[in-house]
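Below: the structure, in structure tokens.
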Amino acid sequence: MILEPLGSVVLGLALAWMALRSLPDRLPPRRAVFTTGALGALFGAYLMHSVLSPGHVVATLIGAALIGAVTLSLLVRPRSGRLSRSAAA
């Protein structure tokens, strides 16, 4: 029972760390990214646990990682210095 939430938080923190390493200039401060990654994965684990029922630890952690990644993707800002399509028209 404790493995799912703990594992999902660790996965969320790992995803946040990878996002900060690959896109450091396009993300908000580190604290916000780590918090969002951990909470997004925790919510994903809760959602997958509710949908799949107890006993599917691997599937729950995969779902937690996917939902955590989607949550982190919402934080990515557009690149500065480039015109968007609406500004170019």
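Residue names in the structure tokens use chain letters A, B, ... in the order shown, residue numbers from 1 in each chain, and ligand numbers from 1 in the order shown.
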
Residues near Ala45 in chain A, anyone? I mean within 10 Å using only C-alpha atoms, not counting same-chain ones fewer than 6 positions away, as a compact mmCIF listing (two decimals) with N, CA, C and O atoms, in the first residue's frame.
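Below is the file that was written, result-v7.txt:
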```txt
# COMPACT_ATOMS: atom_id res chain seq x y z
N GLU A 4 2.97 2.34 -3.63
CA GLU A 4 2.43 3.14 -4.73
C GLU A 4 2.63 4.64 -4.53
O GLU A 4 3.16 5.31 -5.42
N PRO A 5 2.22 5.22 -3.40
CA PRO A 5 2.43 6.66 -3.25
C PRO A 5 3.91 7.05 -3.18
O PRO A 5 4.33 8.05 -3.79
N LEU A 6 4.69 6.26 -2.48
CA LEU A 6 6.12 6.57 -2.38
C LEU A 6 6.81 6.44 -3.72
O LEU A 6 7.59 7.31 -4.12
N GLY A 7 6.50 5.38 -4.45
CA GLY A 7 7.09 5.19 -5.77
C GLY A 7 6.65 6.26 -6.75
O GLY A 7 7.44 6.72 -7.58
N SER A 8 5.40 6.68 -6.66
CA SER A 8 4.93 7.72 -7.58
C SER A 8 5.58 9.07 -7.29
O SER A 8 5.92 9.80 -8.22
N VAL A 9 5.79 9.39 -6.04
CA VAL A 9 6.48 10.64 -5.70
C VAL A 9 7.92 10.62 -6.20
O VAL A 9 8.41 11.60 -6.76
N LEU A 39 3.41 16.13 -7.08
CA LEU A 39 1.96 16.12 -6.88
C LEU A 39 1.22 15.57 -8.09
O LEU A 39 0.20 14.90 -7.95
N VAL A 51 -9.02 3.53 -10.62
CA VAL A 51 -9.53 2.91 -11.84
C VAL A 51 -9.22 1.41 -11.88
O VAL A 51 -10.08 0.60 -12.23
N VAL A 57 0.34 -2.71 -9.04
CA VAL A 57 1.35 -1.72 -8.65
C VAL A 57 2.10 -1.19 -9.87
O VAL A 57 2.27 0.02 -10.01
N ALA A 59 1.23 -1.13 -13.11
CA ALA A 59 0.36 -0.32 -13.96
C ALA A 59 0.04 1.02 -13.30
O ALA A 59 -0.05 2.05 -13.97
N THR A 60 -0.11 1.01 -11.99
CA THR A 60 -0.37 2.26 -11.26
C THR A 60 0.83 3.20 -11.37
O THR A 60 0.66 4.40 -11.59
N LEU A 61 2.03 2.67 -11.24
CA LEU A 61 3.22 3.52 -11.34
C LEU A 61 3.44 4.03 -12.76
O LEU A 61 3.88 5.16 -12.96
N ILE A 62 3.12 3.22 -13.76
CA ILE A 62 3.21 3.68 -15.15
C ILE A 62 2.22 4.81 -15.40
O ILE A 62 2.55 5.84 -15.99
N GLY A 63 1.00 4.64 -14.92
CA GLY A 63 0.00 5.71 -15.05
C GLY A 63 0.40 6.96 -14.29
O GLY A 63 0.17 8.08 -14.76
N ALA A 64 1.00 6.79 -13.13
CA ALA A 64 1.46 7.93 -12.34
C ALA A 64 2.54 8.70 -13.09
O ALA A 64 2.55 9.93 -13.11
N ALA A 65 3.46 7.97 -13.72
CA ALA A 65 4.53 8.63 -14.48
C ALA A 65 3.95 9.37 -15.69
O ALA A 65 4.38 10.50 -16.00
N LEU A 66 2.98 8.78 -16.35
CA LEU A 66 2.39 9.44 -17.51
C LEU A 66 1.64 10.71 -17.12
O LEU A 66 1.79 11.76 -17.76
N ILE A 67 0.84 10.63 -16.08
CA ILE A 67 0.08 11.81 -15.66
C ILE A 67 1.02 12.86 -15.07
O ILE A 67 0.82 14.07 -15.27
N GLY A 68 2.07 12.44 -14.39
CA GLY A 68 3.07 13.40 -13.90
C GLY A 68 3.78 14.11 -15.03
O GLY A 68 4.03 15.32 -14.97
```

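The residue set within 6 Å of range 11-28 of chain A, counting only C-alpha atoms and dropping same-chain residues fewer than 3 places from it, reads Ser8, Val33, Phe34, Gly37, Ala38, Ala41, Gly68, Val76 and Arg77 of chain A.
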
Taking C-alpha atoms for each residue, export the selection above as a short mmCIF file (atom, residue, chain, number, x, y, z; two decimals), in the first residue's frame.
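File part04.cif, as written:
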```
data_model
loop_
_atom_site.label_atom_id
_atom_site.label_comp_id
_atom_site.auth_asym_id
_atom_site.auth_seq_id
_atom_site.Cartn_x
_atom_site.Cartn_y
_atom_site.Cartn_z
CA SER A 8 4.93 7.72 -7.58
CA VAL A 33 8.72 22.16 -10.97
CA PHE A 34 9.60 19.62 -8.28
CA GLY A 37 6.08 16.73 -10.64
CA ALA A 38 5.59 15.07 -7.27
CA ALA A 41 2.50 11.78 -10.12
CA GLY A 68 3.07 13.40 -13.90
CA VAL A 76 6.73 24.66 -20.22
CA ARG A 77 6.79 28.23 -21.51
#
```

Quiz item: Where does DSSP see alpha helix (DSSP H) in chain A, if you list the residues as a VMD selection string?
Solution: chain A and resid 3 to 22 30 to 52 57 to 73 85 to 88

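Using only C-alpha atoms for every distance, the candidate list A:Arg79, A:Arg30, A:Leu47, A:Leu42 yields A:Leu42 as the residue closest to Leu3 in chain A.
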
Quiz prompt | Separation of CA of Ala69 in chain A from CA of Ser50 in chain A in Å | solution = 19.2 Å

Self-check item: Separation of CA of Met1 in chain A from CA of Thr36 in chain A in Å
Solution: 22.5 Å

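Across the structure, CA of Pro54 in chain A and CA of Thr71 in chain A are spaced 23.6 Å apart.
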
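Considering only C-alpha atoms, the residue among A:Gly55, A:Pro78, A:Gly40, A:Met48 positioned nearest to Val10 in chain A is A:Gly40.
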